[in-house]
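Novice: Next comes the structure file input-v2.txt, holding compact mmCIF, C-alpha atoms.
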# COMPACT_ATOMS: atom_id res chain seq x y z
CA MET I 1 0.00 0.00 0.00
CA ILE I 2 1.26 3.47 -0.86
CA THR I 3 0.63 6.20 1.63
CA LEU I 4 -0.19 9.48 -0.04
CA SER I 5 2.02 12.31 1.04
CA THR I 6 3.04 15.71 -0.21
CA GLY I 7 6.21 14.10 -1.58
CA ILE I 8 4.21 12.28 -4.23
CA PHE I 9 2.94 15.56 -5.62
CA GLN I 10 6.14 17.56 -5.35
CA GLY I 11 6.94 16.86 -8.99
CA THR I 12 3.60 18.34 -10.00
CA LEU I 13 4.71 21.70 -8.71
CA ASN I 14 7.84 21.56 -10.83
CA ARG I 15 6.31 20.29 -14.09
CA GLU I 16 4.25 22.35 -16.46
CA ILE I 17 2.34 19.38 -17.83
CA PHE I 18 -1.44 19.07 -17.87
CA ASP I 19 -2.07 22.67 -16.83
CA LYS I 20 -5.81 22.26 -17.35
CA HIS I 21 -6.08 18.59 -16.37
CA ILE I 22 -5.33 18.27 -12.68
CA ILE I 23 -6.55 14.66 -12.46
CA ASP I 24 -4.12 13.63 -15.21
CA ARG I 25 -1.35 15.44 -13.30
CA VAL I 26 -2.19 13.49 -10.15
CA ILE I 27 -2.27 10.22 -12.10
CA LEU I 28 1.12 10.97 -13.69
CA GLU I 29 2.74 11.86 -10.36
CA CYS I 30 1.40 8.71 -8.68
CA ILE I 31 2.74 6.59 -11.54
CA ILE I 32 6.16 8.24 -11.33
CA PHE I 33 6.25 7.91 -7.54
CA HIS I 34 5.29 4.23 -7.72
CA ALA I 35 7.92 3.59 -10.38
CA GLY I 36 10.53 5.10 -8.08
CA LEU I 37 9.63 2.52 -5.44
CA HIS I 38 10.20 -0.34 -7.89
CA THR I 39 13.39 0.59 -9.71
CA ASN I 40 14.43 -3.00 -10.49
CA GLU I 41 11.20 -4.02 -12.20
CA ASN I 42 9.76 -3.50 -15.68
CA LYS I 43 7.32 -0.64 -15.53
CA LEU I 44 4.58 -0.16 -18.07
CA PHE I 45 1.71 2.26 -18.39
CA LEU I 46 -1.24 1.48 -20.64
CA SER I 47 -3.73 4.26 -21.37
CA ALA I 48 -5.86 4.96 -24.40
CA ASN I 49 -5.79 8.63 -23.40
CA SER I 50 -3.10 9.39 -25.94
CA LYS I 51 -4.39 12.95 -26.27
CA GLU I 52 -2.89 13.70 -22.87
CA PHE I 53 -0.45 10.88 -22.04
CA GLY I 54 0.81 10.56 -25.61
CA LYS I 55 2.32 14.04 -25.62
CA ARG I 56 6.05 14.14 -26.22
CA GLU I 57 6.85 15.79 -22.88
CA VAL I 58 4.75 13.25 -20.97
CA ILE I 59 6.36 10.30 -22.76
CA GLU I 60 9.77 11.77 -21.94
CA VAL I 61 8.90 12.07 -18.23
CA LEU I 62 7.63 8.49 -18.21
CA ARG I 63 10.71 7.24 -20.07
CA ASP I 64 13.04 9.12 -17.72
CA SER I 65 11.28 7.34 -14.85
CA GLY I 66 11.85 3.96 -16.51
CA ILE I 67 8.24 3.56 -17.62
CA GLN I 68 7.27 2.33 -21.05
CA TYR I 69 4.02 3.84 -22.34
CA PHE I 70 1.51 1.98 -24.49
CA ASN I 71 -1.54 3.69 -25.96
CA LYS I 72 -3.11 0.52 -27.38
CA THR I 73 -3.77 -2.80 -25.71
CA GLN I 74 -2.71 -4.58 -28.91
CA ASN I 75 0.74 -2.97 -28.73
CA PHE I 76 1.10 -3.97 -25.09
CA LEU I 77 0.07 -7.55 -25.86
CA GLY I 78 2.61 -7.68 -28.70
CA TRP I 79 5.32 -6.48 -26.31
CA LEU I 80 4.21 -9.03 -23.72
CA GLN I 81 4.29 -11.88 -26.25
CA TYR I 82 7.77 -10.80 -27.39
CA GLN I 83 8.97 -10.92 -23.77
CA SER I 84 7.80 -14.53 -23.37
CA ASN I 85 9.71 -15.72 -26.46
Mind turning the file's structure into structure tokens?

Specialist:
Amino acid sequence: MITLSTGIFQGTLNREIFDKHIIDRVILECIIFHAGLHTNENKLFLSANSKEFGKREVIEVLRDSGIQYFNKTQNFLGWLQYQSN
């Protein structure tokens, strides 16, 4: 269980991403925080909301946190199948 704290949202104050979409900002910060707790594991984020999460600056933040972003379930399943081969 992750305890919410102000530390989780500290990055939100420093990033100018999702200015008009506070819920997406909270989601992104929680994902990044969680990824930081699991540095030795594969981290993936699947969301069809490519309008927001597919933006270059968001993908860069995810990538810099070690998170691979998928905007389609089919792409994720292809990646998953490749991993099992």

Novice: Could you state the separation of CA of Glu29 in chain I and CA of Thr73 in chain I in Å, given to one decimal place?

Specialist: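 Those two atoms sit 22.2 Å apart.
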
Novice: May I ask for the distance between CA of Gln68 in chain I and CA of Lys20 in chain I, given in Å to one decimal place?

Specialist: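 Interatomic distance, CA of Gln68 in chain I to CA of Lys20 in chain I: 24.1 Å.
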
Novice: What lies within 10 Å of Leu62 in chain I using only C-alpha atoms, ignoring chain neighbours under 3 positions off, as number ranges by chain?

Specialist: I: 28-29, 31-32, 35, 43-45, 53, 56-59, 65-69

Novice: Can you measure CA of Gln74 in chain I to CA of His34 in chain I for me? One decimal in Å is fine.

Specialist: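 A separation of 24.3 Å between them.
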
Novice: Given the choices I:His21, I:Thr39, I:Ser84, I:Val26, which gets closest to Glu52 in chain I if the distance is worked out from all atoms listed in the file?

Specialist: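 Closest to Glu52 in chain I, using all atoms listed in the file: I:His21.
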
Novice: Would you please work out which residue, of I:His38, I:Ile23, I:Leu46, I:Asn85, is nearest to Phe70 in chain I when using only C-alpha atoms?

Specialist: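 Of I:His38, I:Ile23, I:Leu46, I:Asn85, the one nearest Phe70 in chain I is I:Leu46, counting only C-alpha atoms.
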
Novice: Which residue, I:Lys55, I:Asn49, I:Gln83, I:Asn40, has the smallest gap to Asn71 in chain I when you use all atoms listed in the file?

Specialist: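 Looking only at the distances to Asn71 in chain I, the closest residue turns out to be I:Asn49.
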
Novice: Can you patch up range 54-75 of chain I, filling it in to N, CA, C and O atoms, and show the result as a compact mmCIF listing (two decimals), keeping the file's coordinate frame?

Specialist:
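Below is the file that was written, rebuild12.txt:
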# COMPACT_ATOMS: atom_id res chain seq x y z
N GLY I 54 -0.02 10.79 -24.44
CA GLY I 54 0.81 10.56 -25.61
C GLY I 54 1.63 11.77 -26.04
O GLY I 54 2.37 11.70 -27.02
N LYS I 55 1.53 12.85 -25.30
CA LYS I 55 2.32 14.04 -25.62
C LYS I 55 3.79 13.77 -25.41
O LYS I 55 4.18 13.04 -24.49
N ARG I 56 4.61 14.37 -26.26
CA ARG I 56 6.05 14.14 -26.22
C ARG I 56 6.63 14.37 -24.82
O ARG I 56 7.38 13.56 -24.32
N GLU I 57 6.27 15.48 -24.18
CA GLU I 57 6.85 15.79 -22.88
C GLU I 57 6.42 14.80 -21.80
O GLU I 57 7.19 14.50 -20.89
N VAL I 58 5.22 14.25 -21.93
CA VAL I 58 4.75 13.25 -20.97
C VAL I 58 5.50 11.94 -21.19
O VAL I 58 5.96 11.30 -20.23
N ILE I 59 5.63 11.53 -22.44
CA ILE I 59 6.36 10.30 -22.76
C ILE I 59 7.80 10.41 -22.28
O ILE I 59 8.35 9.44 -21.76
N GLU I 60 8.40 11.58 -22.42
CA GLU I 60 9.77 11.77 -21.94
C GLU I 60 9.87 11.63 -20.42
O GLU I 60 10.79 11.00 -19.91
N VAL I 61 8.91 12.19 -19.70
CA VAL I 61 8.90 12.07 -18.23
C VAL I 61 8.73 10.61 -17.83
O VAL I 61 9.42 10.11 -16.94
N LEU I 62 7.82 9.91 -18.50
CA LEU I 62 7.63 8.49 -18.21
C LEU I 62 8.90 7.70 -18.51
O LEU I 62 9.36 6.91 -17.68
N ARG I 63 9.49 7.94 -19.68
CA ARG I 63 10.71 7.24 -20.07
C ARG I 63 11.84 7.51 -19.08
O ARG I 63 12.56 6.60 -18.67
N ASP I 64 11.99 8.76 -18.67
CA ASP I 64 13.04 9.12 -17.72
C ASP I 64 12.83 8.45 -16.37
O ASP I 64 13.77 8.30 -15.60
N SER I 65 11.59 8.05 -16.09
CA SER I 65 11.28 7.34 -14.85
C SER I 65 11.33 5.83 -15.03
O SER I 65 10.97 5.08 -14.13
N GLY I 66 11.73 5.39 -16.24
CA GLY I 66 11.85 3.96 -16.51
C GLY I 66 10.53 3.29 -16.85
O GLY I 66 10.38 2.08 -16.70
N ILE I 67 9.58 4.07 -17.33
CA ILE I 67 8.24 3.56 -17.62
C ILE I 67 8.02 3.56 -19.12
O ILE I 67 8.22 4.58 -19.79
N GLN I 68 7.59 2.43 -19.64
CA GLN I 68 7.27 2.33 -21.05
C GLN I 68 5.77 2.57 -21.22
O GLN I 68 4.95 1.97 -20.54
N TYR I 69 5.41 3.47 -22.13
CA TYR I 69 4.02 3.84 -22.34
C TYR I 69 3.45 3.13 -23.56
O TYR I 69 4.08 3.08 -24.62
N PHE I 70 2.25 2.58 -23.39
CA PHE I 70 1.51 1.98 -24.49
C PHE I 70 0.16 2.67 -24.59
O PHE I 70 -0.53 2.84 -23.58
N ASN I 71 -0.24 3.05 -25.79
CA ASN I 71 -1.54 3.69 -25.96
C ASN I 71 -2.59 2.75 -26.53
O ASN I 71 -3.74 3.11 -26.66
N LYS I 72 -2.17 1.53 -26.85
CA LYS I 72 -3.11 0.52 -27.38
C LYS I 72 -2.84 -0.81 -26.72
O LYS I 72 -1.68 -1.23 -26.58
N THR I 73 -3.90 -1.49 -26.34
CA THR I 73 -3.77 -2.80 -25.71
C THR I 73 -3.06 -3.77 -26.64
O THR I 73 -2.23 -4.57 -26.20
N GLN I 74 -3.34 -3.69 -27.93
CA GLN I 74 -2.71 -4.58 -28.91
C GLN I 74 -1.19 -4.43 -28.89
O GLN I 74 -0.46 -5.41 -28.96
N ASN I 75 -0.71 -3.19 -28.78
CA ASN I 75 0.74 -2.97 -28.73
C ASN I 75 1.34 -3.56 -27.46
O ASN I 75 2.42 -4.14 -27.48
